[in-house]
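Below is the file coords12.tsv, which contains TSV, C-alpha atoms and all ligand atoms.
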chain	number	residue	atom	x	y	z
A	205	MET	CA	160.09	141.32	-94.82
A	206	ASN	CA	160.17	141.62	-98.62
A	207	VAL	CA	159.17	145.27	-99.11
A	208	LYS	CA	159.71	145.10	-102.88
A	209	LYS	CA	157.17	142.31	-103.21
A	210	LEU	CA	154.70	144.24	-101.05
A	211	THR	CA	155.07	147.44	-103.06
A	212	GLU	CA	154.64	145.52	-106.32
A	213	THR	CA	151.29	144.32	-105.00
A	214	THR	CA	150.18	147.76	-103.78
A	215	HIS	CA	151.11	149.31	-107.13
A	216	ALA	CA	149.22	146.61	-109.02
A	217	LEU	CA	146.14	147.10	-106.81
A	218	LEU	CA	146.23	150.86	-107.29
A	219	ALA	CA	147.05	150.92	-111.02
A	220	ASP	CA	144.99	152.37	-113.82
A	221	ASN	CA	142.26	153.99	-111.70
A	222	LYS	CA	140.88	150.58	-110.78
A	223	GLY	CA	139.52	149.66	-107.37
A	224	LEU	CA	138.81	146.72	-105.09
A	225	PHE	CA	135.69	144.59	-104.93
A	226	ALA	CA	134.84	143.50	-101.38
A	227	MET	CA	132.95	140.19	-101.56
A	228	ASP	CA	134.19	138.97	-98.19
A	229	GLU	CA	130.96	138.99	-96.22
A	230	SER	CA	131.01	136.41	-93.45
A	231	ILE	CA	128.48	133.57	-93.71
A	232	SER	CA	126.11	135.36	-91.32
A	233	THR	CA	126.36	138.74	-93.08
A	234	CYS	CA	125.89	137.14	-96.50
A	235	ASN	CA	122.90	135.22	-95.16
A	236	LYS	CA	121.39	138.45	-93.80
A	237	ARG	CA	121.72	140.09	-97.21
A	238	PHE	CA	120.20	136.99	-98.83
A	239	ALA	CA	117.27	137.11	-96.39
A	240	ASP	CA	116.63	140.77	-97.33
A	241	ALA	CA	116.63	139.81	-101.01
A	242	GLY	CA	114.42	136.74	-100.45
A	243	ILE	CA	117.19	134.27	-101.35
A	244	ALA	CA	117.52	130.93	-99.52
A	245	GLN	CA	120.48	131.01	-97.13
A	246	THR	CA	122.45	127.97	-98.25
A	247	GLU	CA	126.14	127.33	-98.85
A	248	GLU	CA	125.34	126.48	-102.48
A	249	ASN	CA	123.57	129.82	-103.00
A	250	ARG	CA	126.49	131.69	-101.48
A	251	ARG	CA	128.78	129.79	-103.87
A	252	ARG	CA	126.55	130.50	-106.89
A	253	TYR	CA	126.39	134.18	-106.00
A	254	ARG	CA	130.16	134.53	-105.68
A	255	GLU	CA	130.62	132.58	-108.95
A	256	LEU	CA	128.29	135.06	-110.64
A	257	ILE	CA	130.39	137.97	-109.38
A	258	ILE	CA	133.82	136.69	-110.37
A	259	LYS	CA	132.60	135.51	-113.78
A	260	THR	CA	131.22	138.94	-114.69
A	261	SER	CA	132.74	139.56	-118.07
A	262	GLY	CA	134.90	142.70	-118.19
A	263	LEU	CA	135.15	142.96	-114.38
A	264	ASN	CA	138.91	143.35	-114.74
A	265	GLU	CA	138.42	146.61	-116.70
A	266	SER	CA	137.56	148.36	-113.43
A	267	ILE	CA	138.59	145.99	-110.64
A	268	SER	CA	142.19	145.24	-109.67
A	269	GLY	CA	141.53	143.01	-106.67
A	270	VAL	CA	138.74	141.08	-105.01
A	271	ILE	CA	138.50	140.35	-101.30
A	272	LEU	CA	137.38	136.81	-100.50
A	273	TYR	CA	136.30	135.07	-97.31
A	274	HIS	CA	137.57	131.77	-95.91
A	275	GLU	CA	134.54	129.89	-97.25
A	276	THR	CA	134.84	131.52	-100.68
A	277	ILE	CA	138.58	131.15	-101.23
A	278	ARG	CA	138.19	127.38	-101.14
A	279	GLN	CA	135.20	127.25	-103.50
A	280	SER	CA	135.05	126.38	-107.19
A	281	ASP	CA	132.67	127.11	-110.03
A	282	GLU	CA	130.04	124.56	-111.00
A	283	SER	CA	132.50	122.79	-113.32
A	284	GLY	CA	135.10	122.49	-110.53
A	285	ILE	CA	137.48	125.33	-111.46
A	286	PRO	CA	138.75	126.98	-108.26
A	287	PHE	CA	137.57	130.57	-107.74
A	288	ILE	CA	141.17	131.63	-107.12
A	289	LYS	CA	142.13	130.39	-110.61
A	290	ILE	CA	139.18	132.14	-112.27
A	291	ILE	CA	140.11	135.41	-110.54
A	292	THR	CA	143.82	135.17	-111.30
A	293	ASP	CA	143.21	134.14	-114.93
A	294	ALA	CA	141.06	137.27	-115.31
A	295	GLY	CA	144.08	139.39	-114.28
A	296	ILE	CA	142.54	140.25	-110.91
A	297	ILE	CA	144.48	139.92	-107.65
A	298	PRO	CA	142.87	137.70	-104.99
A	299	GLY	CA	142.80	138.93	-101.41
A	300	ILE	CA	141.35	137.50	-98.21
A	301	LYS	CA	139.58	138.85	-95.14
A	302	VAL	CA	141.40	137.37	-92.15
A	303	ASP	CA	139.69	138.85	-89.12
A	304	ILE	CA	137.05	136.58	-87.64
A	305	GLY	CA	134.60	139.33	-86.76
A	306	THR	CA	133.89	141.46	-83.72
A	307	GLU	CA	133.09	140.65	-80.10
A	308	ASP	CA	131.94	142.87	-77.24
A	309	LEU	CA	134.90	144.74	-75.76
A	310	ALA	CA	134.99	143.51	-72.15
A	311	GLY	CA	134.32	146.28	-69.66
A	312	PHE	CA	133.24	148.75	-72.35
A	313	PRO	CA	129.51	148.48	-73.06
A	314	ASP	CA	128.40	149.05	-76.66
A	315	GLU	CA	131.95	148.80	-78.02
A	316	LYS	CA	133.54	146.11	-80.16
A	317	ILE	CA	136.95	144.56	-80.61
A	318	THR	CA	137.93	142.65	-83.73
A	319	GLU	CA	139.18	139.11	-83.15
A	320	GLY	CA	141.39	136.77	-85.17
A	321	LEU	CA	145.02	137.18	-84.10
A	322	ASP	CA	145.39	133.69	-82.59
A	323	GLY	CA	147.01	131.41	-85.16
A	324	LEU	CA	146.92	134.18	-87.76
A	325	ARG	CA	150.51	133.60	-88.95
A	326	TYR	CA	149.62	130.02	-89.96
A	327	ARG	CA	146.41	131.03	-91.69
A	328	LEU	CA	148.25	133.76	-93.60
A	329	LYS	CA	150.89	131.30	-94.77
A	330	GLU	CA	148.17	128.98	-96.01
A	331	TYR	CA	146.32	131.79	-97.83
A	332	ALA	CA	149.60	132.93	-99.42
A	333	ARG	CA	150.22	129.35	-100.63
A	334	MET	CA	146.70	129.34	-102.09
A	335	GLY	CA	147.50	132.48	-104.10
A	336	ALA	CA	146.20	135.40	-102.02
A	337	ARG	CA	148.43	138.48	-102.27
A	338	PHE	CA	146.68	140.84	-99.91
A	339	SER	CA	144.38	140.68	-96.93
A	340	LYS	CA	141.89	142.69	-94.91
A	341	TRP	CA	141.09	143.30	-91.24
A	342	ARG	CA	138.23	145.56	-90.20
A	343	ALA	CA	137.93	147.34	-86.87
A	344	VAL	CA	134.62	149.05	-86.05
A	345	MET	CA	134.05	152.05	-83.87
A	346	PHE	CA	130.66	153.52	-83.05
A	347	ILE	CA	130.04	157.16	-82.20
A	348	GLY	CA	127.67	157.66	-79.26
A	349	GLN	CA	127.43	158.95	-75.72
A	350	GLY	CA	131.04	158.84	-74.49
A	351	ILE	CA	132.14	156.43	-77.21
A	352	PRO	CA	134.38	155.44	-78.81
A	353	SER	CA	136.45	155.21	-75.64
A	354	ARG	CA	140.18	155.76	-75.83
A	355	ASN	CA	140.60	152.10	-74.90
A	356	CYS	CA	138.43	150.94	-77.80
A	357	ILE	CA	140.44	153.02	-80.25
A	358	ILE	CA	143.84	151.93	-78.89
A	359	SER	CA	142.88	148.23	-78.59
A	360	ASN	CA	141.57	148.09	-82.14
A	361	ALA	CA	144.52	150.05	-83.53
A	362	ASN	CA	146.91	147.70	-81.73
A	363	ALA	CA	145.17	144.65	-83.24
A	364	LEU	CA	145.24	146.23	-86.71
A	365	ALA	CA	148.99	146.79	-86.40
A	366	ARG	CA	149.65	143.26	-85.11
A	367	TYR	CA	147.67	141.92	-88.06
A	368	ALA	CA	149.57	144.20	-90.47
A	369	ALA	CA	152.94	143.04	-89.12
A	370	LEU	CA	152.03	139.37	-89.61
A	371	CYS	CA	150.74	140.04	-93.13
A	372	GLN	CA	153.91	141.81	-94.17
A	373	GLU	CA	156.03	139.01	-92.70
A	374	CYS	CA	154.06	136.53	-94.83
A	375	GLY	CA	154.29	138.66	-98.00
A	376	LEU	CA	150.65	139.80	-98.04
A	377	VAL	CA	149.72	143.48	-98.31
A	378	PRO	CA	147.51	144.37	-95.34
A	379	ILE	CA	144.46	146.45	-95.97
A	380	VAL	CA	144.07	148.34	-92.72
A	381	GLU	CA	140.41	149.15	-92.15
A	382	PRO	CA	139.42	151.24	-89.14
A	383	GLU	CA	135.75	151.98	-89.77
A	384	VAL	CA	134.01	154.77	-87.90
A	385	MET	CA	130.40	153.80	-88.37
A	386	MET	CA	127.75	155.98	-89.94
A	387	LEU	CA	125.04	154.68	-87.56
A	388	GLY	CA	123.84	157.23	-85.01
A	389	GLY	CA	122.73	160.82	-84.62
A	390	HIS	CA	126.20	162.43	-84.56
A	391	SER	CA	127.24	165.39	-86.68
A	392	SER	CA	129.66	165.29	-89.56
A	393	LYS	CA	132.01	167.40	-87.42
A	394	MET	CA	132.02	164.65	-84.79
A	395	CYS	CA	132.75	162.06	-87.48
A	396	TYR	CA	135.72	164.21	-88.53
A	397	THR	CA	137.07	164.51	-84.98
A	398	ILE	CA	136.72	160.81	-84.19
A	399	THR	CA	138.03	159.62	-87.57
A	400	LYS	CA	141.09	161.82	-87.15
A	401	GLU	CA	141.77	160.43	-83.68
A	402	VAL	CA	141.26	156.87	-84.89
A	403	ILE	CA	143.55	157.21	-87.92
A	404	ASN	CA	146.25	158.99	-85.91
A	405	THR	CA	146.15	156.21	-83.32
A	406	VAL	CA	146.30	153.54	-86.03
A	407	PHE	CA	149.44	155.16	-87.50
A	408	ASP	CA	151.01	155.46	-84.02
A	409	GLU	CA	150.57	151.69	-83.64
A	410	LEU	CA	151.75	150.93	-87.18
A	411	TYR	CA	154.91	152.95	-86.46
A	412	LEU	CA	155.45	151.23	-83.11
A	413	GLN	CA	155.20	147.83	-84.77
A	414	ASN	CA	157.64	148.59	-87.64
A	415	ILE	CA	155.13	148.40	-90.44
A	416	ALA	CA	156.44	149.35	-93.89
A	417	LEU	CA	153.91	152.04	-94.77
A	418	GLU	CA	154.67	151.71	-98.49
A	419	GLY	CA	153.33	148.14	-98.23
A	420	ILE	CA	149.86	148.84	-96.83
A	421	ILE	CA	146.57	150.24	-98.10
A	422	LEU	CA	144.37	152.23	-95.70
A	423	LYS	CA	140.63	151.60	-95.91
A	424	PRO	CA	138.78	154.36	-94.08
A	425	ASN	CA	135.25	155.76	-93.98
A	426	MET	CA	134.38	159.05	-95.62
A	427	ILE	CA	133.53	162.00	-93.35
A	428	LEU	CA	129.74	161.81	-93.16
A	429	PRO	CA	126.98	162.91	-90.78
A	430	GLY	CA	125.35	160.15	-88.72
A	431	LEU	CA	122.43	158.44	-90.46
A	432	ASP	CA	119.94	159.74	-87.85
A	433	SER	CA	121.38	163.25	-87.56
A	434	GLY	CA	119.14	164.84	-90.18
A	435	GLU	CA	122.21	166.79	-91.34
A	436	LYS	CA	122.45	167.31	-95.09
A	437	LYS	CA	125.85	167.60	-96.67
A	438	SER	CA	126.83	168.07	-100.30
A	439	ALA	CA	129.17	165.67	-102.07
A	440	GLU	CA	131.62	168.56	-102.51
A	441	LYS	CA	131.71	169.25	-98.76
A	442	ILE	CA	132.06	165.54	-97.97
A	443	ALA	CA	134.97	165.38	-100.41
A	444	GLU	CA	136.58	168.48	-98.94
A	445	ASP	CA	136.30	167.30	-95.32
A	446	THR	CA	137.40	163.77	-96.13
A	447	ILE	CA	140.50	164.95	-97.97
A	448	LYS	CA	141.33	167.49	-95.25
A	449	CYS	CA	141.01	164.87	-92.51
A	450	LEU	CA	143.17	162.36	-94.37
A	451	MET	CA	145.79	165.02	-95.18
A	452	GLU	CA	146.02	165.74	-91.46
A	453	CYS	CA	146.77	162.18	-90.42
A	454	VAL	CA	147.85	159.82	-93.25
A	455	PRO	CA	151.61	159.79	-93.94
A	456	ALA	CA	152.72	160.40	-97.52
A	457	ALA	CA	154.56	157.05	-97.57
A	458	VAL	CA	151.20	155.26	-97.75
A	459	PRO	CA	150.61	154.46	-101.44
A	460	GLY	CA	146.84	154.27	-101.42
A	461	ILE	CA	143.58	154.88	-99.62
A	462	ALA	CA	140.61	152.74	-100.65
A	463	PHE	CA	137.28	153.83	-99.20
A	464	LEU	CA	134.65	151.52	-97.79
A	465	SER	CA	131.05	152.36	-98.68
A	466	GLY	CA	129.66	151.68	-95.19
A	467	GLY	CA	125.96	151.73	-96.07
A	468	GLN	CA	125.92	154.65	-98.54
A	469	SER	CA	123.80	153.98	-101.60
A	470	PRO	CA	125.73	152.87	-104.71
A	471	GLN	CA	125.13	156.26	-106.34
A	472	GLU	CA	126.10	158.29	-103.26
A	473	ALA	CA	129.35	156.38	-102.88
A	474	SER	CA	130.28	157.01	-106.53
A	475	ILE	CA	129.25	160.69	-106.49
A	476	ARG	CA	131.31	161.37	-103.36
A	477	LEU	CA	134.38	159.56	-104.68
A	478	ASN	CA	133.98	161.52	-107.93
A	479	ALA	CA	133.81	164.78	-105.98
A	480	MET	CA	137.11	163.94	-104.27
A	481	LYS	CA	138.74	163.54	-107.66
A	482	GLN	CA	137.33	166.87	-108.80
A	483	ASN	CA	138.42	168.67	-105.62
A	484	PRO	CA	141.00	171.35	-106.46
A	485	ALA	CA	143.12	170.17	-103.50
A	486	SER	CA	143.36	166.72	-104.95
A	487	ASN	CA	147.04	166.85	-105.74
A	488	LEU	CA	147.47	164.23	-103.06
A	489	PRO	CA	150.45	162.21	-101.85
A	490	TRP	CA	148.51	158.93	-102.07
A	491	LYS	CA	146.12	157.43	-104.60
A	492	LEU	CA	142.44	157.41	-103.68
A	493	THR	CA	140.23	154.58	-104.81
A	494	PHE	CA	137.30	152.42	-103.75
A	495	SER	CA	137.05	149.10	-101.93
A	496	PHE	CA	133.29	148.88	-101.84
A	497	GLY	CA	131.14	145.96	-100.80
A	498	ARG	CA	127.49	146.94	-100.63
A	499	ALA	CA	127.84	149.85	-103.07
A	500	LEU	CA	129.06	147.40	-105.74
A	501	GLN	CA	126.72	144.52	-104.94
A	502	GLU	CA	123.41	145.91	-103.74
A	503	THR	CA	121.74	146.38	-107.12
A	504	ALA	CA	123.01	143.06	-108.47
A	505	LEU	CA	121.82	141.07	-105.48
A	506	MET	CA	118.32	142.49	-105.84
A	507	SER	CA	118.33	141.72	-109.60
A	508	TRP	CA	119.59	138.16	-109.12
A	509	LYS	CA	117.17	137.03	-106.40
A	510	GLY	CA	118.85	133.61	-106.47
A	511	ASP	CA	117.46	132.80	-109.93
A	512	ASP	CA	119.75	131.79	-112.81
A	513	ALA	CA	117.35	133.44	-115.22
A	514	ASN	CA	118.43	136.80	-113.73
A	515	MET	CA	122.15	136.09	-113.84
A	516	VAL	CA	122.94	138.18	-116.90
A	517	ASN	CA	121.07	141.17	-115.51
A	518	ALA	CA	122.87	140.86	-112.19
A	519	GLN	CA	126.25	140.66	-113.93
A	520	GLN	CA	125.37	143.74	-115.97
A	521	ASP	CA	124.63	145.57	-112.70
A	522	ILE	CA	127.99	144.53	-111.26
A	523	TYR	CA	129.83	145.53	-114.43
A	524	HIS	CA	128.02	148.87	-114.47
A	525	ARG	CA	128.72	149.82	-110.84
A	526	ALA	CA	132.37	148.78	-111.14
A	527	LYS	CA	132.68	150.91	-114.27
A	528	CYS	CA	130.94	153.87	-112.57
A	529	ASN	CA	133.45	153.76	-109.74
A	530	ARG	CA	136.43	153.60	-112.07
A	531	ALA	CA	134.95	156.64	-113.84
A	532	ALA	CA	134.56	158.32	-110.42
A	533	ASN	CA	138.23	157.59	-109.80
A	534	MET	CA	138.95	159.80	-112.81
A	535	GLY	CA	136.42	162.48	-111.83
A	536	LEU	CA	134.27	161.43	-114.79
A	537	TYR	CA	131.28	159.78	-113.08
A	538	ASN	CA	127.91	160.42	-114.57
A	539	ASP	CA	125.42	157.63	-113.81
B	601	LIG	P1	131.04	148.19	-97.52
B	601	LIG	O1	131.54	148.93	-98.74
B	601	LIG	O2	129.72	147.53	-97.73
B	601	LIG	O3	131.14	149.02	-96.29
B	601	LIG	O4	132.03	146.97	-97.32
B	601	LIG	C1	133.36	147.18	-97.43
B	601	LIG	C2	134.08	146.26	-96.53
B	601	LIG	O5	134.98	145.57	-96.96
B	601	LIG	C3	133.68	146.23	-95.10
B	601	LIG	O6	134.65	145.56	-94.37

Would you put the structure from the file into structure tokens?
Ligand code: 13P
Amino acid sequence: MNVKKLTETTHALLADNKGLFAMDESISTCNKRFADAGIAQTEENRRRYRELIIKTSGLNESISGVILYHETIRQSDESGIPFIKIITDAGIIPGIKVDIGTEDLAGFPDEKITEGLDGLRYRLKEYARMGARFSKWRAVMFIGQGIPSRNCIISNANALARYAALCQECGLVPIVEPEVMMLGGHSSKMCYTITKEVINTVFDELYLQNIALEGIILKPNMILPGLDSGEKKSAEKIAEDTIKCLMECVPAAVPGIAFLSGGQSPQEASIRLNAMKQNPASNLPWKLTFSFGRALQETALMSWKGDDANMVNAQQDIYHRAKCNRAANMGLYND
């Protein structure tokens, strides 16, 4: 394992208060978002949309890396220039989602396991040859009656660590994403308890599998009340709880933590990240940043609507949200 190469990539991804742009929706997720925005669900539209994102002028002012999907990493712009070249030429680091989605966890109703380990070493080698320098794997855990089970947490943590080991062997920085979902009626306190258990278990497995912690980025959820709980929580309290939880379970050797947005509105995600940077306890051992998908794209997708006439507006929306989140990373967000 070339730890120096891995740490060079983590440092580049975490430099200068920039963050990551997740544009790695699977075909079905991207199609669902297109359906909501009234856009025809075709491969060409998915290609046009991703071209619009990566060609947003000035994106590299706020974004250090973009996360692609296996369809996207092979695509080119309308004049035939590969997306990977456009991204790299803009000074942005290309990354790739390598899990193949979730399946029902056998024997554990309502729980999911993330798939994609079979043949992963060969896919990683191919992605590395294509120019990807980091990758992503997302595990999902739901909070509900008696769930997540211990088995769901351990099985997903084990898969995350096996993925991370293969990535590091192939020279790619693994983004380790254990997402405790916001869906449900649970309290913020429950989210705290479960997130802490999940992250502790993930680090147990990473340790067991000899992962170089300086060569990973953790991508967790913030500590939030369930969407149906009715609980109201200030950005300051979310920031305080999130930092406290992470301080209790993320080793100092980890260079960076990049939050997912998980269904928060674009503004909420920025305000809460901003509050973390303003928190007096924020003399932290790791860098905090964003790795948002929906919170960076939502406004732009609605502006674009699949119509070239709206492209400039959509790109302005992307530029704006990326800039807002870089400002939040400095505690200077003010939409
Ligand atoms: P969201 O920010 O929309 O949660 O997406 C981030 C991501 O990469 C999910 O895997």

Check which residues of chain A sit at most 6 Å from ligand LIG 601 (chain B) using only C-alpha atoms and all ligand atoms, and return one row each with the closest pair of atoms and their distance in Å to one decimal, ordered by chain and rising number, as a Markdown table.
| residue | atom | partner | partner_atom | distance |
| --- | --- | --- | --- | --- |
| A:Ala226 | CA | B:LIG601 | O5 | 4.9 |
| A:Arg342 | CA | B:LIG601 | O6 | 5.5 |
| A:Leu464 | CA | B:LIG601 | O1 | 4.2 |
| A:Ser465 | CA | B:LIG601 | O1 | 3.5 |
| A:Gly466 | CA | B:LIG601 | O3 | 3.2 |
| A:Gly467 | CA | B:LIG601 | O3 | 5.9 |
| A:Phe496 | CA | B:LIG601 | O1 | 3.6 |
| A:Gly497 | CA | B:LIG601 | O1 | 3.6 |
| A:Arg498 | CA | B:LIG601 | O2 | 3.7 |
| A:Ala499 | CA | B:LIG601 | O1 | 5.8 |

#### Entry: Atomic distance CA of Tyr326 (chain A) - CA of Ile300 (chain A), expressed in Å with one decimal
13.9 Å

### Message
Show me the residues close to (130.8, 161.1, -85.1) - anything with an atom within 10 Å, counting only C-alpha atoms - and format the list as a VMD selection string.
### Response
chain A and resid 345 to 348 351 to 352 384 to 399 427 to 430 433

### Message
Report, in Å to a single decimal, how far apart CA of Lys448 (chain A) and CA of Lys491 (chain A) are.
### Response
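Answer for the CA of Lys491 (chain A) to CA of Lys448 (chain A) separation: 14.5 Å.
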
#### Entry: Computed interatomic separation between CA of Asp314 (chain A) and CA of Asn355 (chain A) (Å)
12.7 Å

### Residue with smallest distance to Glu373 (chain A) - pool A:Leu505, A:Ile317, A:Ala294, A:Ala416, counting all atoms listed in the file
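Nearest candidate to Glu373 (chain A) out of A:Leu505, A:Ile317, A:Ala294, A:Ala416: A:Ala416.
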
### Message
Calculated over only C-alpha atoms, which of the candidates A:Met334, A:Glu435, A:Glu440, A:Gly375 has the smallest distance to Lys289 (chain A)?
### Response
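Checking each of A:Met334, A:Glu435, A:Glu440, A:Gly375 against Lys289 (chain A), counting only C-alpha atoms, the winner is A:Met334.
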
### Task
Find the spatial neighbours of Glu330 (chain A), counting all atoms listed in the file, within a cut-off of 12 Å - ignore same-chain residues fewer than 4 positions away - and output them as a PyMOL selection string.
chain A and resi 274+277-278+300+302+323-326+334-337+371+374-376

So which residues touch Leu263 (chain A) within 9 Å, counting only C-alpha atoms, skipping near sequence neighbours fewer than 4 positions away, as a PDB file with C-alpha atoms, in the coordinates of the input?
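Saved as around06.pdb:
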ATOM      1  CA  ILE A 257     130.390 137.970-109.380  1.00  0.00           C
ATOM      2  CA  ILE A 258     133.820 136.690-110.370  1.00  0.00           C
ATOM      3  CA  LYS A 259     132.600 135.510-113.780  1.00  0.00           C
ATOM      4  CA  ILE A 267     138.590 145.990-110.640  1.00  0.00           C
ATOM      5  CA  SER A 268     142.190 145.240-109.670  1.00  0.00           C
ATOM      6  CA  ALA A 294     141.060 137.270-115.310  1.00  0.00           C
ATOM      7  CA  ILE A 296     142.540 140.250-110.910  1.00  0.00           C
ATOM      8  CA  ILE A 522     127.990 144.530-111.260  1.00  0.00           C
ATOM      9  CA  TYR A 523     129.830 145.530-114.430  1.00  0.00           C
ATOM     10  CA  ALA A 526     132.370 148.780-111.140  1.00  0.00           C
ATOM     11  CA  LYS A 527     132.680 150.910-114.270  1.00  0.00           C
TER      12      LYS A 527
END
